[in-house]
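Containing PDB, C-alpha atoms: target21.pdb.
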MODEL        1
ATOM      1  CA  MET A   1      -8.377 103.557  95.832  1.00  0.00           C
ATOM      2  CA  GLU A   2     -10.432 104.461  92.815  1.00  0.00           C
ATOM      3  CA  LYS A   3     -10.370 102.225  89.756  1.00  0.00           C
ATOM      4  CA  LEU A   4      -9.386 103.447  86.329  1.00  0.00           C
ATOM      5  CA  GLY A   5     -12.603 103.704  84.334  1.00  0.00           C
ATOM      6  CA  TYR A   6     -11.374 102.266  81.061  1.00  0.00           C
ATOM      7  CA  LYS A   7     -14.311 101.632  78.706  1.00  0.00           C
ATOM      8  CA  LYS A   8     -14.402  98.402  76.804  1.00  0.00           C
ATOM      9  CA  GLU A   9     -16.335  99.251  73.687  1.00  0.00           C
ATOM     10  CA  ASN A  10     -15.936  97.408  70.439  1.00  0.00           C
ATOM     11  CA  VAL A  11     -15.155  94.171  72.237  1.00  0.00           C
ATOM     12  CA  TYR A  12     -16.280  90.882  70.725  1.00  0.00           C
ATOM     13  CA  GLN A  13     -16.978  88.282  73.429  1.00  0.00           C
ATOM     14  CA  LEU A  14     -17.284  84.542  73.040  1.00  0.00           C
ATOM     15  CA  GLU A  15     -18.503  82.229  75.775  1.00  0.00           C
ATOM     16  CA  VAL A  16     -16.102  79.285  75.776  1.00  0.00           C
ATOM     17  CA  ASN A  17     -17.388  76.827  78.363  1.00  0.00           C
ATOM     18  CA  ASP A  18     -20.292  75.853  80.595  1.00  0.00           C
ATOM     19  CA  LYS A  19     -18.856  77.902  83.469  1.00  0.00           C
ATOM     20  CA  GLY A  20     -19.822  81.173  81.796  1.00  0.00           C
ATOM     21  CA  GLU A  21     -16.217  82.116  81.005  1.00  0.00           C
ATOM     22  CA  TYR A  22     -15.425  84.296  78.020  1.00  0.00           C
ATOM     23  CA  ILE A  23     -12.609  85.234  75.733  1.00  0.00           C
ATOM     24  CA  GLU A  24     -12.600  88.754  74.344  1.00  0.00           C
ATOM     25  CA  PHE A  25     -11.317  90.382  71.194  1.00  0.00           C
ATOM     26  CA  ASP A  26     -10.666  94.118  71.311  1.00  0.00           C
ATOM     27  CA  LEU A  27     -11.751  95.157  67.832  1.00  0.00           C
ATOM     28  CA  LEU A  28      -9.871  98.456  68.127  1.00  0.00           C
ATOM     29  CA  ASP A  29      -6.552  96.716  68.814  1.00  0.00           C
ATOM     30  CA  ILE A  30      -4.691  97.481  65.598  1.00  0.00           C
ATOM     31  CA  ASP A  31      -2.324  94.576  66.272  1.00  0.00           C
ATOM     32  CA  LEU A  32      -5.058  91.960  66.665  1.00  0.00           C
ATOM     33  CA  PRO A  33      -5.107  90.853  62.999  1.00  0.00           C
ATOM     34  CA  ASP A  34      -1.313  90.505  63.092  1.00  0.00           C
ATOM     35  CA  LYS A  35      -1.468  88.546  66.353  1.00  0.00           C
ATOM     36  CA  ILE A  36      -3.958  86.150  64.799  1.00  0.00           C
ATOM     37  CA  MET A  37      -1.954  85.691  61.590  1.00  0.00           C
ATOM     38  CA  ASN A  38       1.254  85.205  63.577  1.00  0.00           C
ATOM     39  CA  ALA A  39      -0.488  82.589  65.710  1.00  0.00           C
ATOM     40  CA  TYR A  40      -1.533  80.683  62.569  1.00  0.00           C
ATOM     41  CA  LYS A  41       2.061  80.790  61.290  1.00  0.00           C
ATOM     42  CA  GLU A  42       3.539  79.769  64.641  1.00  0.00           C
ATOM     43  CA  LEU A  43       1.172  76.826  64.903  1.00  0.00           C
ATOM     44  CA  GLU A  44       2.186  75.666  61.414  1.00  0.00           C
ATOM     45  CA  ARG A  45       5.866  75.946  62.430  1.00  0.00           C
ATOM     46  CA  ALA A  46       5.225  73.994  65.641  1.00  0.00           C
ATOM     47  CA  GLU A  47       3.486  71.248  63.642  1.00  0.00           C
ATOM     48  CA  LYS A  48       6.374  71.014  61.177  1.00  0.00           C
ATOM     49  CA  ASP A  49       8.854  71.007  64.034  1.00  0.00           C
ATOM     50  CA  ILE A  50       7.148  68.117  65.828  1.00  0.00           C
ATOM     51  CA  LYS A  51       7.051  66.067  62.615  1.00  0.00           C
ATOM     52  CA  ILE A  52      10.785  66.542  62.131  1.00  0.00           C
ATOM     53  CA  LYS A  53      11.466  65.620  65.753  1.00  0.00           C
ATOM     54  CA  GLU A  54       9.236  62.545  65.447  1.00  0.00           C
ATOM     55  CA  GLN A  55      11.187  61.331  62.413  1.00  0.00           C
ATOM     56  CA  ILE A  56      14.462  61.734  64.297  1.00  0.00           C
ATOM     57  CA  ILE A  57      13.122  59.849  67.298  1.00  0.00           C
ATOM     58  CA  TYR A  58      11.755  56.998  65.162  1.00  0.00           C
ATOM     59  CA  LYS A  59      15.195  56.545  63.582  1.00  0.00           C
ATOM     60  CA  LYS A  60      17.230  57.083  66.732  1.00  0.00           C
ATOM     61  CA  PHE A  61      15.205  54.707  68.913  1.00  0.00           C
ATOM     62  CA  ALA A  62      14.054  52.183  66.302  1.00  0.00           C
ATOM     63  CA  ASN A  63      15.423  49.332  68.384  1.00  0.00           C
ATOM     64  CA  ASN A  64      14.227  50.681  71.727  1.00  0.00           C
ATOM     65  CA  PRO A  65      10.415  50.992  71.681  1.00  0.00           C
ATOM     66  CA  SER A  66      10.004  52.096  75.293  1.00  0.00           C
ATOM     67  CA  LYS A  67      12.552  54.912  74.896  1.00  0.00           C
ATOM     68  CA  LYS A  68      10.971  55.861  71.544  1.00  0.00           C
ATOM     69  CA  TRP A  69       7.509  56.246  73.117  1.00  0.00           C
ATOM     70  CA  GLU A  70       8.976  58.132  76.071  1.00  0.00           C
ATOM     71  CA  GLU A  71      10.703  60.617  73.764  1.00  0.00           C
ATOM     72  CA  LEU A  72       7.634  60.944  71.538  1.00  0.00           C
ATOM     73  CA  HIS A  73       5.528  61.717  74.591  1.00  0.00           C
ATOM     74  CA  LYS A  74       7.985  64.459  75.625  1.00  0.00           C
ATOM     75  CA  ILE A  75       7.835  66.224  72.288  1.00  0.00           C
ATOM     76  CA  GLU A  76       4.042  65.915  72.167  1.00  0.00           C
ATOM     77  CA  LYS A  77       3.823  67.580  75.569  1.00  0.00           C
ATOM     78  CA  GLU A  78       6.116  70.350  74.270  1.00  0.00           C
ATOM     79  CA  TYR A  79       3.874  70.764  71.222  1.00  0.00           C
ATOM     80  CA  PHE A  80       0.698  71.100  73.281  1.00  0.00           C
ATOM     81  CA  LYS A  81       2.379  73.535  75.659  1.00  0.00           C
ATOM     82  CA  LYS A  82       3.598  75.624  72.714  1.00  0.00           C
ATOM     83  CA  GLY A  83       0.163  75.465  71.038  1.00  0.00           C
ATOM     84  CA  ARG A  84      -1.527  76.723  74.196  1.00  0.00           C
ATOM     85  CA  GLU A  85       0.983  79.583  74.413  1.00  0.00           C
ATOM     86  CA  ILE A  86       0.359  80.466  70.771  1.00  0.00           C
ATOM     87  CA  PHE A  87      -3.425  80.616  71.208  1.00  0.00           C
ATOM     88  CA  ASP A  88      -3.202  82.424  74.539  1.00  0.00           C
ATOM     89  CA  SER A  89      -1.087  85.080  72.777  1.00  0.00           C
ATOM     90  CA  PHE A  90      -4.168  86.344  70.929  1.00  0.00           C
ATOM     91  CA  LEU A  91      -7.085  84.829  72.840  1.00  0.00           C
ATOM     92  CA  GLY A  92      -5.898  86.097  76.208  1.00  0.00           C
ATOM     93  CA  GLU A  93      -4.207  84.712  79.260  1.00  0.00           C
ATOM     94  CA  ASN A  94      -5.432  81.229  80.214  1.00  0.00           C
ATOM     95  CA  ALA A  95      -7.870  81.132  77.283  1.00  0.00           C
ATOM     96  CA  CYS A  96      -6.837  77.589  76.388  1.00  0.00           C
ATOM     97  CA  GLN A  97      -7.379  76.496  79.968  1.00  0.00           C
ATOM     98  CA  LYS A  98     -10.894  77.925  79.800  1.00  0.00           C
ATOM     99  CA  ILE A  99     -11.554  76.207  76.475  1.00  0.00           C
ATOM    100  CA  PHE A 100      -9.788  72.853  76.836  1.00  0.00           C
ATOM    101  CA  GLY A 101      -9.326  72.451  80.569  1.00  0.00           C
ATOM    102  CA  ASP A 102      -6.444  70.150  81.499  1.00  0.00           C
ATOM    103  CA  THR A 103      -6.906  67.823  78.541  1.00  0.00           C
ATOM    104  CA  ASP A 104      -4.710  67.825  75.443  1.00  0.00           C
ATOM    105  CA  ARG A 105      -6.170  66.031  72.421  1.00  0.00           C
ATOM    106  CA  TYR A 106      -4.878  65.491  68.925  1.00  0.00           C
ATOM    107  CA  GLY A 107      -6.532  67.945  66.550  1.00  0.00           C
ATOM    108  CA  MET A 108      -7.752  70.314  69.266  1.00  0.00           C
ATOM    109  CA  PHE A 109      -5.969  73.355  67.833  1.00  0.00           C
ATOM    110  CA  LYS A 110      -7.262  72.733  64.318  1.00  0.00           C
ATOM    111  CA  ASP A 111     -10.761  72.241  65.727  1.00  0.00           C
ATOM    112  CA  LEU A 112     -10.471  75.523  67.613  1.00  0.00           C
ATOM    113  CA  LEU A 113      -9.346  77.338  64.459  1.00  0.00           C
ATOM    114  CA  LYS A 114     -12.368  75.956  62.603  1.00  0.00           C
ATOM    115  CA  ALA A 115     -14.692  77.024  65.424  1.00  0.00           C
ATOM    116  CA  LEU A 116     -13.156  80.510  65.564  1.00  0.00           C
ATOM    117  CA  GLN A 117     -13.244  81.164  61.810  1.00  0.00           C
ATOM    118  CA  PRO A 118     -16.918  82.242  61.572  1.00  0.00           C
ATOM    119  CA  HIS A 119     -16.371  84.611  64.487  1.00  0.00           C
ATOM    120  CA  LEU A 120     -13.200  86.055  62.979  1.00  0.00           C
ATOM    121  CA  ASP A 121     -15.158  86.632  59.757  1.00  0.00           C
ATOM    122  CA  LYS A 122     -17.879  88.470  61.723  1.00  0.00           C
ATOM    123  CA  MET A 123     -15.307  90.715  63.377  1.00  0.00           C
ATOM    124  CA  LYS A 124     -14.220  92.074  59.977  1.00  0.00           C
ATOM    125  CA  PHE A 125     -10.804  93.412  60.775  1.00  0.00           C
ATOM    126  CA  ASP A 126     -10.743  96.519  58.657  1.00  0.00           C
ATOM    127  CA  ILE A 127      -8.075  99.109  59.400  1.00  0.00           C
ATOM    128  CA  GLN A 128     -10.291 101.887  58.001  1.00  0.00           C
ATOM    129  CA  THR A 129     -13.067 100.974  60.439  1.00  0.00           C
ATOM    130  CA  ILE A 130     -10.577 101.019  63.305  1.00  0.00           C
ATOM    131  CA  LYS A 131      -9.254 104.430  62.222  1.00  0.00           C
ATOM    132  CA  LYS A 132     -12.794 105.815  61.879  1.00  0.00           C
ATOM    133  CA  SER A 133     -13.763 104.566  65.323  1.00  0.00           C
ATOM    134  CA  LEU A 134     -10.617 106.023  66.898  1.00  0.00           C
ATOM    135  CA  LEU A 135     -11.191 109.306  65.066  1.00  0.00           C
ATOM    136  CA  GLU A 136     -14.766 109.546  66.346  1.00  0.00           C
ATOM    137  CA  GLU A 137     -13.645 108.745  69.872  1.00  0.00           C
ATOM    138  CA  TYR A 138     -10.575 110.940  70.231  1.00  0.00           C
ATOM    139  CA  SER A 139     -10.559 113.717  67.664  1.00  0.00           C
ATOM    140  CA  PRO A 140     -12.326 116.838  68.974  1.00  0.00           C
ATOM    141  CA  ASN A 141     -12.964 118.297  65.526  1.00  0.00           C
ATOM    142  CA  LYS A 142     -13.282 114.962  63.682  1.00  0.00           C
ATOM    143  CA  LYS A 143     -10.418 115.701  61.301  1.00  0.00           C
ATOM    144  CA  ASN A 144      -8.376 112.835  59.979  1.00  0.00           C
ATOM    145  CA  VAL A 145      -5.466 112.698  62.394  1.00  0.00           C
ATOM    146  CA  ILE A 146      -4.290 109.185  61.632  1.00  0.00           C
TER
ENDMDL
END
Can you dump the structure from the file as structure tokens?
Amino acid sequence: MEKLGYKKENVYQLEVNDKGEYIEFDLLDIDLPDKIMNAYKELERAEKDIKIKEQIIYKKFANNPSKKWEELHKIEKEYFKKGREIFDSFLGENACQKIFGDTDRYGMFKDLLKALQPHLDKMKFDIQTIKKSLLEEYSPNKKNVI
């Protein structure tokens, strides 16, 4: 069977570990800026949610330290799972596994955002650039069709 010859131009690649694995950003994906902004918002919501849950647990299990720590551990695991899903939604499937491996650490998502920021700035998500690139690629007479 022959493979579909889909070209991957305008892709920004970042090597994320010592194994030579990459994450990729398709710079012509018109939804990519929205995916990134939504991920930021979802992470903020997840952080607020865990703080609320922590407060409830501290009150509910104030007299039962072992149950309190057990419940806190459960919600922390939920938070890290949700955070990985959020980042994988725009970095690609299993991106967090490539970046973090099996370890979850406090602050890892904020650290990743800081590390990504210079690269996101370099990518310059500009809808006009995307339109121009698509126009050059697909319009036979180069008229503005978008």
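Every protein, DNA or RNA residue with an atom at most 9 Å from Asn10 (chain A), where only C-alpha atoms count and chain neighbours fewer than 3 positions away do not, is listed here: Phe25, Asp26, Leu27 and Leu28 of chain A.
Closest approach to Phe80 (chain A) among A:Ala95, A:Ala46, A:Ala62, A:Ile57 is made by A:Ala46 (distances from all atoms listed in the file).
When all atoms listed in the file are used to compute distances to Lys51 (chain A), the closest of the residues A:Phe100, A:Tyr79, A:Phe90, A:Tyr22 turns out to be A:Tyr79.
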Provide an axis-aligned box for all listed atoms of region 110-117 of chain A, padding each side by 5 Å; report its centre and its edge lengths in Å to one decimal, as JSON.
{"center_x": -11.0, "center_y": 76.7, "center_z": 64.7, "size_x": 17.4, "size_y": 18.9, "size_z": 15.8}
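Remark: for Glu76 (chain A), the closest of the candidate residues A:Ser89, A:Phe61, A:Lys114, A:Asp49 is A:Asp49 (distances computed over all atoms listed in the file).
Among the candidates A:Glu70, A:Glu9, A:Glu47, A:Glu42, the one nearest to Gly107 (chain A) when counting only C-alpha atoms is A:Glu47.
Between CA of Thr103 (chain A) and CA of Ile56 (chain A) there is a distance of 26.4 Å.
Shortest separation to Ala39 (chain A) among A:Lys77, A:Arg84, A:Lys122, A:Lys67 occurs at residue A:Arg84, atoms counted being all atoms listed in the file.
Atom to atom, CA of Ile50 (chain A) and CA of Lys81 (chain A) stand 12.2 Å apart.
Put simply, CA of Val16 (chain A) is 15.9 Å away from CA of Lys110 (chain A).
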Could region 23-48 of chain A be completed with N, CA and C atoms and written as a compact mmCIF listing (two decimals), in the frame of the given file, please?
# COMPACT_ATOMS: atom_id res chain seq x y z
N ILE A 23 -13.81 84.63 76.28
CA ILE A 23 -12.61 85.23 75.73
C ILE A 23 -13.08 86.49 75.02
N GLU A 24 -12.22 87.48 74.94
CA GLU A 24 -12.60 88.75 74.34
C GLU A 24 -11.60 89.17 73.28
N PHE A 25 -12.13 89.81 72.25
CA PHE A 25 -11.32 90.38 71.19
C PHE A 25 -11.58 91.88 71.18
N ASP A 26 -10.55 92.67 71.38
CA ASP A 26 -10.67 94.12 71.31
C ASP A 26 -10.58 94.51 69.84
N LEU A 27 -11.69 94.88 69.26
CA LEU A 27 -11.75 95.16 67.83
C LEU A 27 -11.03 96.45 67.44
N LEU A 28 -10.64 97.24 68.42
CA LEU A 28 -9.87 98.46 68.13
C LEU A 28 -8.37 98.24 68.31
N ASP A 29 -7.97 97.04 68.69
CA ASP A 29 -6.55 96.72 68.81
C ASP A 29 -5.99 96.56 67.41
N ILE A 30 -5.19 97.52 66.97
CA ILE A 30 -4.69 97.48 65.60
C ILE A 30 -3.73 96.32 65.36
N ASP A 31 -3.22 95.72 66.42
CA ASP A 31 -2.32 94.58 66.27
C ASP A 31 -3.05 93.24 66.27
N LEU A 32 -4.33 93.23 66.56
CA LEU A 32 -5.06 91.96 66.67
C LEU A 32 -4.99 91.13 65.38
N PRO A 33 -5.23 91.69 64.21
CA PRO A 33 -5.11 90.85 63.00
C PRO A 33 -3.71 90.25 62.84
N ASP A 34 -2.68 91.03 63.17
CA ASP A 34 -1.31 90.50 63.09
C ASP A 34 -1.08 89.40 64.11
N LYS A 35 -1.61 89.57 65.32
CA LYS A 35 -1.47 88.55 66.35
C LYS A 35 -2.11 87.24 65.89
N ILE A 36 -3.25 87.35 65.26
CA ILE A 36 -3.96 86.15 64.80
C ILE A 36 -3.18 85.48 63.67
N MET A 37 -2.72 86.27 62.70
CA MET A 37 -1.95 85.69 61.59
C MET A 37 -0.64 85.08 62.09
N ASN A 38 0.02 85.75 63.02
CA ASN A 38 1.25 85.20 63.58
C ASN A 38 0.99 83.90 64.32
N ALA A 39 -0.14 83.82 65.00
CA ALA A 39 -0.49 82.59 65.71
C ALA A 39 -0.68 81.44 64.72
N TYR A 40 -1.36 81.70 63.60
CA TYR A 40 -1.53 80.68 62.57
C TYR A 40 -0.16 80.20 62.08
N LYS A 41 0.72 81.14 61.79
CA LYS A 41 2.06 80.79 61.29
C LYS A 41 2.86 80.02 62.33
N GLU A 42 2.80 80.46 63.58
CA GLU A 42 3.54 79.77 64.64
C GLU A 42 3.03 78.36 64.85
N LEU A 43 1.72 78.16 64.75
CA LEU A 43 1.17 76.83 64.90
C LEU A 43 1.65 75.92 63.76
N GLU A 44 1.67 76.44 62.55
CA GLU A 44 2.19 75.67 61.41
C GLU A 44 3.64 75.28 61.64
N ARG A 45 4.45 76.24 62.14
CA ARG A 45 5.87 75.95 62.43
C ARG A 45 5.99 74.87 63.51
N ALA A 46 5.17 74.97 64.55
CA ALA A 46 5.22 73.99 65.64
C ALA A 46 4.85 72.60 65.12
N GLU A 47 3.88 72.53 64.21
CA GLU A 47 3.49 71.25 63.64
C GLU A 47 4.60 70.66 62.78
N LYS A 48 5.24 71.49 61.99
CA LYS A 48 6.37 71.01 61.18
C LYS A 48 7.52 70.56 62.07
